[in-house]
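Text of final21.csv, listed as CSV, C-alpha atoms:
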chain,number,residue,atom,x,y,z
A,1,MET,CA,-71.9,-12.4,56.2
A,2,LYS,CA,-73.9,-9.2,55.1
A,3,ALA,CA,-75.9,-9.2,51.9
A,4,ILE,CA,-78.7,-7.4,50.1
A,5,VAL,CA,-81.6,-9.8,50.1
A,6,CYS,CA,-84.8,-9.8,48.0
A,7,ASP,CA,-87.6,-11.8,49.8
A,8,ALA,CA,-90.3,-10.9,47.3
A,9,PHE,CA,-90.7,-9.0,44.1
A,10,GLY,CA,-91.5,-5.3,44.8
A,11,PRO,CA,-90.0,-1.8,45.0
A,12,ILE,CA,-86.2,-1.5,45.3
A,13,ASP,CA,-86.6,0.1,48.7
A,14,ASP,CA,-88.0,-3.3,50.0
A,15,LEU,CA,-84.6,-4.9,49.7
A,16,GLN,CA,-83.1,-5.9,53.0
A,17,TYR,CA,-79.5,-5.5,54.2
A,18,LYS,CA,-79.0,-8.4,56.6
A,19,ASP,CA,-77.0,-11.4,57.7
A,20,VAL,CA,-77.1,-14.6,55.6
A,21,ALA,CA,-75.1,-17.8,55.7
A,22,ASP,CA,-71.7,-17.8,54.1
A,23,PRO,CA,-71.5,-19.6,50.7
A,24,VAL,CA,-69.7,-22.9,50.5
A,25,ALA,CA,-67.8,-24.0,47.4
A,26,GLU,CA,-69.6,-26.7,45.5
A,27,PRO,CA,-67.9,-28.9,42.8
A,28,GLY,CA,-66.8,-26.8,39.9
A,29,HIS,CA,-67.3,-23.5,41.8
A,30,VAL,CA,-65.2,-21.1,43.8
A,31,VAL,CA,-66.0,-18.7,46.7
A,32,VAL,CA,-64.9,-15.1,46.1
A,33,ASN,CA,-64.4,-12.5,48.8
A,34,VAL,CA,-66.3,-9.7,47.1
A,35,GLU,CA,-64.3,-6.4,47.1
A,36,ALA,CA,-66.6,-4.6,44.6
A,37,ALA,CA,-69.8,-5.4,42.7
A,38,GLY,CA,-71.1,-3.6,39.6
A,39,VAL,CA,-74.6,-2.2,39.6
A,40,ASN,CA,-76.6,-2.7,36.4
A,41,PHE,CA,-80.0,-1.7,35.0
A,42,PRO,CA,-81.3,-5.4,34.9
A,43,ASP,CA,-80.6,-5.6,38.7
A,44,GLY,CA,-83.4,-3.1,39.3
A,45,LEU,CA,-85.8,-4.9,36.9
A,46,LEU,CA,-85.0,-8.3,38.5
A,47,VAL,CA,-85.9,-7.4,42.1
A,48,GLN,CA,-89.2,-5.8,40.8
A,49,GLY,CA,-90.1,-9.0,38.9
A,50,LEU,CA,-89.7,-7.2,35.5
A,51,TYR,CA,-86.8,-9.2,34.1
A,52,GLN,CA,-86.6,-12.3,31.9
A,53,MET,CA,-85.2,-14.3,34.8
A,54,GLN,CA,-87.3,-14.8,38.0
A,55,PRO,CA,-85.2,-16.6,40.7
A,56,ASP,CA,-86.6,-18.4,43.7
A,57,PHE,CA,-86.9,-16.4,47.0
A,58,PRO,CA,-84.9,-15.3,48.8
A,59,PHE,CA,-82.1,-14.3,46.5
A,60,VAL,CA,-79.2,-11.9,46.5
A,61,PRO,CA,-79.0,-9.7,43.3
A,62,GLY,CA,-75.8,-8.7,41.6
A,63,ASN,CA,-74.3,-10.4,38.6
A,64,GLU,CA,-70.7,-9.0,38.4
A,65,VAL,CA,-68.0,-8.9,41.0
A,66,ALA,CA,-64.3,-8.5,41.6
A,67,GLY,CA,-62.3,-9.8,44.5
A,68,THR,CA,-60.1,-12.6,45.8
A,69,ILE,CA,-60.7,-16.3,45.8
A,70,VAL,CA,-61.0,-17.8,49.3
A,71,GLU,CA,-62.2,-21.3,48.6
A,72,LEU,CA,-62.0,-23.8,45.7
A,73,GLY,CA,-64.6,-26.5,45.0
A,74,GLU,CA,-63.8,-30.0,43.9
A,75,GLY,CA,-62.4,-30.2,40.3
A,76,VAL,CA,-61.2,-26.6,40.0
A,77,SER,CA,-57.5,-26.6,39.0
A,78,HIS,CA,-57.0,-23.5,36.8
A,79,LEU,CA,-57.6,-21.1,39.7
A,80,HIS,CA,-56.1,-20.8,43.2
A,81,VAL,CA,-56.9,-19.4,46.6
A,82,GLY,CA,-55.7,-15.8,47.0
A,83,GLN,CA,-56.0,-15.1,43.3
A,84,ARG,CA,-57.4,-11.7,42.2
A,85,VAL,CA,-60.3,-12.2,39.9
A,86,ILE,CA,-63.4,-10.8,38.1
A,87,ALA,CA,-66.4,-13.0,37.7
A,88,LEU,CA,-69.9,-13.3,36.4
A,89,SER,CA,-72.0,-14.4,39.3
A,90,ASN,CA,-75.5,-14.2,37.7
A,91,LEU,CA,-76.9,-13.8,41.3
A,92,GLY,CA,-75.3,-13.2,44.7
A,93,GLY,CA,-73.0,-10.3,43.9
A,94,TYR,CA,-74.4,-7.8,46.4
A,95,ALA,CA,-72.8,-9.6,49.3
A,96,GLU,CA,-69.5,-10.0,51.2
A,97,LYS,CA,-68.9,-13.4,49.6
A,98,ALA,CA,-70.2,-15.1,46.5
A,99,ARG,CA,-70.2,-18.7,45.1
A,100,ILE,CA,-69.5,-18.6,41.4
A,101,ALA,CA,-69.0,-21.2,38.7
A,102,ALA,CA,-65.3,-21.5,37.9
A,103,THR,CA,-66.0,-21.3,34.2
A,104,HIS,CA,-67.2,-17.7,34.7
A,105,VAL,CA,-64.2,-16.6,36.8
A,106,LEU,CA,-61.1,-14.9,35.2
A,107,PRO,CA,-57.8,-13.5,36.6
A,108,LEU,CA,-57.9,-9.7,37.1
A,109,PRO,CA,-54.7,-8.1,35.9
A,110,ASP,CA,-52.9,-6.0,38.5
A,111,ALA,CA,-53.1,-2.9,36.3
A,112,ILE,CA,-56.9,-2.8,36.7
A,113,HIS,CA,-58.4,-1.3,39.8
A,114,VAL,CA,-60.9,-3.7,41.6
A,115,ASN,CA,-63.8,-1.2,41.2
A,116,GLU,CA,-63.2,-0.9,37.5
A,117,GLY,CA,-62.8,-4.7,37.2
A,118,ALA,CA,-66.2,-5.3,38.8
A,119,ALA,CA,-67.9,-2.9,36.5
A,120,LEU,CA,-66.2,-4.3,33.4
A,121,VAL,CA,-67.9,-7.7,33.2
A,122,THR,CA,-71.5,-6.9,32.2
A,123,ALA,CA,-71.6,-3.5,30.4
A,124,HIS,CA,-68.5,-3.9,28.3
A,125,ALA,CA,-69.0,-7.6,27.7
A,126,THR,CA,-72.6,-6.9,26.5
A,127,ALA,CA,-71.4,-4.3,24.1
A,128,HIS,CA,-68.5,-6.5,22.9
A,129,HIS,CA,-70.8,-9.5,22.3
A,130,ALA,CA,-73.3,-7.3,20.5
A,131,LEU,CA,-70.9,-5.7,18.2
A,132,LYS,CA,-68.7,-8.7,17.6
A,133,GLN,CA,-70.9,-11.8,17.5
A,134,ARG,CA,-74.3,-10.3,16.7
A,135,ALA,CA,-73.6,-7.3,14.4
A,136,LYS,CA,-70.2,-8.4,13.1
A,137,LEU,CA,-69.2,-4.8,13.0
A,138,GLN,CA,-66.7,-4.0,10.3
A,139,PRO,CA,-64.0,-1.2,10.1
A,140,GLY,CA,-65.4,1.9,8.4
A,141,GLU,CA,-69.0,1.1,9.2
A,142,THR,CA,-71.2,3.7,10.9
A,143,LEU,CA,-72.3,2.8,14.4
A,144,VAL,CA,-75.1,4.7,16.3
A,145,VAL,CA,-75.1,4.3,20.1
A,146,THR,CA,-78.1,5.5,22.0
A,147,GLY,CA,-77.8,6.1,25.7
A,148,ALA,CA,-74.1,6.7,24.9
A,149,ALA,CA,-73.1,8.0,28.4
A,150,GLY,CA,-74.6,5.1,30.4
A,151,GLY,CA,-72.6,2.0,31.4
A,152,THR,CA,-73.2,-0.2,28.3
A,153,GLY,CA,-73.6,2.7,25.9
A,154,LEU,CA,-70.3,4.2,26.8
A,155,ALA,CA,-68.7,0.8,26.5
A,156,ALA,CA,-70.2,0.4,23.0
A,157,VAL,CA,-68.7,3.8,22.0
A,158,GLN,CA,-65.2,2.6,23.1
A,159,ILE,CA,-65.5,-0.8,21.6
A,160,GLY,CA,-66.9,0.5,18.3
A,161,LYS,CA,-64.0,2.8,18.0
A,162,THR,CA,-61.6,0.0,18.8
A,163,MET,CA,-63.2,-2.1,16.0
A,164,GLY,CA,-62.7,0.7,13.5
A,165,ALA,CA,-66.2,2.2,13.2
A,166,LYS,CA,-67.4,5.7,12.9
A,167,VAL,CA,-69.3,6.3,16.1
A,168,ILE,CA,-72.4,8.5,16.4
A,169,ALA,CA,-73.4,9.1,20.1
A,170,VAL,CA,-77.0,9.9,21.0
A,171,CYS,CA,-77.7,11.4,24.4
A,172,SER,CA,-80.2,13.5,26.2
A,173,THR,CA,-77.8,16.3,27.5
A,174,GLU,CA,-74.7,18.1,26.4
A,175,GLU,CA,-72.9,16.9,29.6
A,176,LYS,CA,-73.5,13.3,28.6
A,177,LEU,CA,-72.4,14.0,25.0
A,178,ALA,CA,-69.2,15.5,26.2
A,179,LEU,CA,-68.4,12.3,28.1
A,180,ALA,CA,-69.2,10.2,25.0
A,181,LYS,CA,-66.9,12.5,23.0
A,182,GLU,CA,-64.1,12.1,25.5
A,183,TYR,CA,-64.2,8.3,25.0
A,184,GLY,CA,-64.2,8.3,21.2
A,185,ALA,CA,-67.5,9.4,19.7
A,186,ASP,CA,-67.1,11.1,16.3
A,187,VAL,CA,-70.5,12.7,16.0
A,188,LEU,CA,-72.8,13.9,18.8
A,189,ILE,CA,-76.6,14.2,18.7
A,190,ASN,CA,-78.7,15.6,21.5
A,191,TYR,CA,-82.1,14.0,20.8
A,192,LYS,CA,-83.8,16.3,23.2
A,193,GLU,CA,-82.9,19.3,21.1
A,194,ASN,CA,-82.9,17.7,17.6
A,195,ASP,CA,-85.1,15.5,15.5
A,196,LEU,CA,-83.2,12.3,15.8
A,197,LYS,CA,-84.4,10.7,12.5
A,198,GLU,CA,-83.7,13.8,10.4
A,199,THR,CA,-80.3,14.4,12.1
A,200,LEU,CA,-79.2,10.7,11.5
A,201,LYS,CA,-80.2,11.1,7.9
A,202,GLU,CA,-78.1,14.3,7.6
A,203,VAL,CA,-75.0,13.0,9.4
A,204,THR,CA,-75.0,9.7,7.4
A,205,GLU,CA,-75.6,11.6,4.1
A,206,GLY,CA,-78.8,9.8,3.5
A,207,LYS,CA,-77.4,6.3,3.8
A,208,GLY,CA,-78.5,5.5,7.3
A,209,ALA,CA,-76.7,3.6,10.0
A,210,ASP,CA,-74.9,0.3,9.4
A,211,VAL,CA,-75.4,-0.7,13.0
A,212,VAL,CA,-77.5,0.8,15.8
A,213,TYR,CA,-76.8,-0.2,19.4
A,214,GLU,CA,-80.2,0.7,20.9
A,215,CYS,CA,-80.7,0.5,24.7
A,216,VAL,CA,-83.3,3.2,25.3
A,217,GLY,CA,-86.5,2.1,23.6
A,218,GLY,CA,-89.6,4.2,23.0
A,219,ASP,CA,-89.3,7.1,20.5
A,220,THR,CA,-85.6,6.7,20.3
A,221,PHE,CA,-86.0,3.1,19.0
A,222,HIS,CA,-88.6,4.2,16.5
A,223,ALA,CA,-86.4,7.0,15.1
A,224,CYS,CA,-83.5,4.5,14.7
A,225,SER,CA,-85.7,1.9,13.1
A,226,ARG,CA,-86.4,4.4,10.4
A,227,SER,CA,-82.7,5.4,10.0
A,228,MET,CA,-81.1,2.1,9.0
A,229,ALA,CA,-78.9,1.5,6.0
A,230,TRP,CA,-79.4,-1.3,3.5
A,231,GLU,CA,-78.2,-4.6,5.2
A,232,GLY,CA,-78.0,-2.7,8.5
A,233,ARG,CA,-78.2,-4.4,11.9
A,234,LEU,CA,-80.5,-2.9,14.6
A,235,LEU,CA,-79.4,-4.3,17.9
A,236,VAL,CA,-82.1,-4.5,20.6
A,237,VAL,CA,-80.1,-4.2,23.9
A,238,GLY,CA,-82.6,-2.8,26.4
A,239,PHE,CA,-85.3,-0.3,27.3
A,240,ALA,CA,-83.8,2.2,29.7
A,241,GLY,CA,-86.4,4.7,28.7
A,242,GLY,CA,-89.1,2.5,30.1
A,243,GLU,CA,-91.2,1.8,27.0
A,244,ILE,CA,-90.8,-1.5,25.1
A,245,PRO,CA,-91.5,-0.4,21.5
A,246,LYS,CA,-93.6,-2.3,19.0
A,247,PHE,CA,-91.7,-2.9,15.8
A,248,PRO,CA,-93.4,-2.5,12.3
A,249,VAL,CA,-91.8,-5.4,10.5
A,250,ASN,CA,-92.5,-3.9,7.1
A,251,LEU,CA,-89.6,-1.6,7.8
A,252,ALA,CA,-87.1,-4.5,7.9
A,253,LEU,CA,-88.6,-5.8,4.6
A,254,VAL,CA,-88.5,-2.6,2.7
A,255,LYS,CA,-85.2,-1.3,4.0
A,256,GLY,CA,-83.5,-4.8,3.9
A,257,TYR,CA,-82.0,-4.7,7.4
A,258,SER,CA,-82.0,-7.1,10.4
A,259,VAL,CA,-83.3,-6.7,13.9
A,260,MET,CA,-81.1,-8.6,16.4
A,261,GLY,CA,-81.8,-9.3,20.0
A,262,VAL,CA,-78.8,-9.0,22.4
A,263,PHE,CA,-79.1,-11.2,25.5
A,264,TRP,CA,-75.6,-11.4,26.8
A,265,GLY,CA,-76.5,-13.4,29.9
A,266,ALA,CA,-77.9,-16.2,27.7
A,267,PHE,CA,-74.7,-16.1,25.5
A,268,THR,CA,-72.5,-16.7,28.6
A,269,GLN,CA,-74.6,-19.8,29.4
A,270,HIS,CA,-74.8,-21.2,25.8
A,271,ASP,CA,-71.2,-20.4,24.9
A,272,PRO,CA,-69.0,-20.2,28.1
A,273,LYS,CA,-65.9,-20.7,25.9
A,274,GLY,CA,-66.8,-17.7,23.7
A,275,PHE,CA,-67.6,-15.7,26.8
A,276,ALA,CA,-64.1,-16.4,28.2
A,277,GLN,CA,-62.4,-15.5,24.9
A,278,ASN,CA,-64.3,-12.3,24.7
A,279,MET,CA,-63.3,-11.4,28.2
A,280,GLN,CA,-59.7,-12.1,27.5
A,281,GLU,CA,-59.8,-9.8,24.5
A,282,LEU,CA,-61.5,-7.1,26.6
A,283,LEU,CA,-58.9,-7.3,29.3
A,284,THR,CA,-56.1,-7.1,26.7
A,285,TRP,CA,-57.8,-3.9,25.3
A,286,TYR,CA,-58.1,-2.6,28.8
A,287,VAL,CA,-54.5,-3.0,29.6
A,288,GLN,CA,-53.6,-1.4,26.3
A,289,GLY,CA,-55.8,1.6,27.1
A,290,LYS,CA,-58.3,1.0,24.3
A,291,VAL,CA,-61.3,0.7,26.6
A,292,LYS,CA,-61.9,2.1,30.1
A,293,VAL,CA,-64.6,1.7,32.7
A,294,VAL,CA,-65.8,5.1,34.0
A,295,VAL,CA,-67.0,4.6,37.6
A,296,ASP,CA,-69.5,7.3,38.4
A,297,GLU,CA,-69.6,6.5,42.1
A,298,ALA,CA,-68.6,3.6,44.5
A,299,VAL,CA,-70.8,3.3,47.5
A,300,PRO,CA,-70.9,1.0,50.6
A,301,LEU,CA,-72.9,-2.2,50.2
A,302,HIS,CA,-75.6,-1.0,52.6
A,303,GLN,CA,-76.4,1.8,50.2
A,304,ALA,CA,-77.0,-0.6,47.3
A,305,THR,CA,-80.7,0.5,47.0
A,306,GLN,CA,-79.7,4.1,46.4
A,307,ALA,CA,-77.2,3.0,43.8
A,308,MET,CA,-79.8,0.9,42.0
A,309,LYS,CA,-82.3,3.7,41.9
A,310,LYS,CA,-79.7,6.1,40.5
A,311,VAL,CA,-79.1,3.6,37.7
A,312,MET,CA,-82.8,3.1,37.1
A,313,ASN,CA,-83.4,6.8,36.9
A,314,ARG,CA,-80.6,7.2,34.3
A,315,GLU,CA,-78.7,9.6,36.4
A,316,VAL,CA,-75.4,7.7,36.0
A,317,LYS,CA,-72.5,8.6,33.8
A,318,GLY,CA,-70.6,5.3,33.3
A,319,LYS,CA,-71.1,2.7,36.1
A,320,MET,CA,-72.1,2.5,39.7
A,321,VAL,CA,-70.3,0.1,42.1
A,322,VAL,CA,-71.1,-1.2,45.6
A,323,VAL,CA,-68.3,-2.0,47.9
A,324,PRO,CA,-68.8,-4.5,50.8
Spit out the file's structure as structure tokens when you get a sec.
Amino acid sequence: MKAIVCDAFGPIDDLQYKDVADPVAEPGHVVVNVEAAGVNFPDGLLVQGLYQMQPDFPFVPGNEVAGTIVELGEGVSHLHVGQRVIALSNLGGYAEKARIAATHVLPLPDAIHVNEGAALVTAHATAHHALKQRAKLQPGETLVVTGAAGGTGLAAVQIGKTMGAKVIAVCSTEEKLALAKEYGADVLINYKENDLKETLKEVTEGKGADVVYECVGGDTFHACSRSMAWEGRLLVVGFAGGEIPKFPVNLALVKGYSVMGVFWGAFTQHDPKGFAQNMQELLTWYVQGKVKVVVDEAVPLHQATQAMKKVMNREVKGKMVVVP
């Protein structure tokens, strides 16, 4: 089968599109014929050796897929060959087939297009876990979302609204803000044209934010860290802006708020039952029209490097998908 292969950490352009052996179902696993795979910011970090996880070589990147089961491993009884599914693959998604633990495979409702299903697993699930398990977001609270037009930011806007929050979207362009507004944002802030700290103070009437979903880093993080409400929760999701900020801990002390790390991948491993329950809730919301994956572009598998670079350069509105 064809796959995108990383033989050594390095630039994204060093990835190879080539033939590899087909996966075989091991006990407790299934093999999925991949019809679409989501492209995520950590994929680009991973192949450059900049992510928390560093797999053995060679490896195939890609951690979320949608497709059809073609083989069952020993002990798998809740799934069947020919079933349409979405799955968290951790690795191996950028390929024509992927072997995946059955605990991380879920039926995909017929109402959801395969491209949207593939892009639902990571971004929406990260936002859902962050707002539900980590922040415990409550109806009526104020939620600030940075990078609100990207894959996980736009997901946080939608899920925050579904959970009853007032959502403040923070983006770098008016075009991105318009997308965030279309999907539920109540207040829009262009941080390139406005002082983010002062504007957050103004729109929260001096109270500050109850929850901040922060996935940009750098100066954006610093502004948010100074704009928290008493007993607020500052969620550290990622650093799409490229700079990992240093946090002055005295701010948490004086302002009485919590800084919470969000590592959804670890959550899925530590609590697979909770992951499955979250995904079922997300799929229900999706069918009900409460959340939606915005697919910016779907490209052939051999163009995966271009898709990854577009994501890394923050040129994507919503999600990128590769299609074997």
Original post:
Which of these residues is nearest to Val144 (chain A), using all atoms listed in the file: A:Leu177, A:Ala209, A:Leu283, A:Val39?
Top reply: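 Checking each candidate against Val144 (chain A), we get A:Ala209 as the closest.
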Original post:
Using all atoms listed in the file, which of A:Leu50, A:Met279, A:Ala178, A:Val299 sits nearest Ala125 (chain A)?
Top reply: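 For Ala125 (chain A), the nearest of the candidates is A:Met279.
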Original post:
Contacts of region 232-234 of chain A at 9 Å or less, counting all atoms listed in the file, minus same-chain residues fewer than 5 places along, as a ChimeraX atom specification?
Top reply: /A:134-135,208-214,224-225,255-261
Original post:
Pick the closest to Asp296 (chain A) from A:Ala149, A:Ile168, A:Val262, A:Leu200: which is it, counting only C-alpha atoms?
Top reply: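 Using only C-alpha atoms, Asp296 (chain A) sits closest to A:Ala149.
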Cut-off 7 Å: closest region 99-127 of chain A/region 81-88 of chain A atom pairs per residue, using all atoms listed in the file, as a tab-separated table:
residue	atom	partner	partner_atom	distance
A:His104	CA	A:Leu88	CA	5.4
A:Val105	CA	A:Ala87	CA	4.3
A:Leu106	CA	A:Val85	CA	5.5
A:Pro107	CA	A:Val85	CA	4.3
A:Leu108	CA	A:Val85	CA	4.5
A:Gly117	CA	A:Ile86	CA	6.2
A:Ala118	CA	A:Ile86	CA	6.2
A:Val121	CA	A:Leu88	CA	6.8
**OP:** Find the spatial neighbours of Thr220 (chain A), counting only C-alpha atoms, within a cut-off of 12 Å - ignore same-chain residues fewer than 3 positions away - and output them as a PyMOL selection string.
**Re:** chain A and resi 144-147+170-172+189-192+194-197+200+212-217+223-227+236+238-245
**OP:** Go through A:His29, A:Lys132, A:His222, A:Arg99 one by one, measure the shortest atom-to-atom distance of each to Leu79 (chain A) using all atoms listed in the file, and give the residue with the smallest value.
**Re:**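 Selected residue with least distance to Leu79 (chain A): A:His29.
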**OP:** Counting all atoms listed in the file, figure out which residue out of A:Ala252, A:Val70, A:Leu282, A:Leu46 gets nearest to Thr162 (chain A).
**Re:** A:Leu282
Original post:
Between CA of Ala307 (chain A) and CA of Lys181 (chain A), what is the distance, to one decimal in Å?
Top reply: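 A separation of 25.1 Å between them.
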Original post:
Between CA of Ala156 (chain A) and CA of Glu182 (chain A), what is the distance, to one decimal in Å?
Top reply: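 Taking CA of Ala156 (chain A) and CA of Glu182 (chain A), their separation equals 13.4 Å.
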**OP:** Considering all atoms listed in the file, state which residue in the set A:Lys290, A:His124, A:Lys18, A:Lys176 is at the smallest distance from Phe275 (chain A).
**Re:**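 Between A:Lys290, A:His124, A:Lys18, A:Lys176, the residue approaching Phe275 (chain A) most closely is A:His124.
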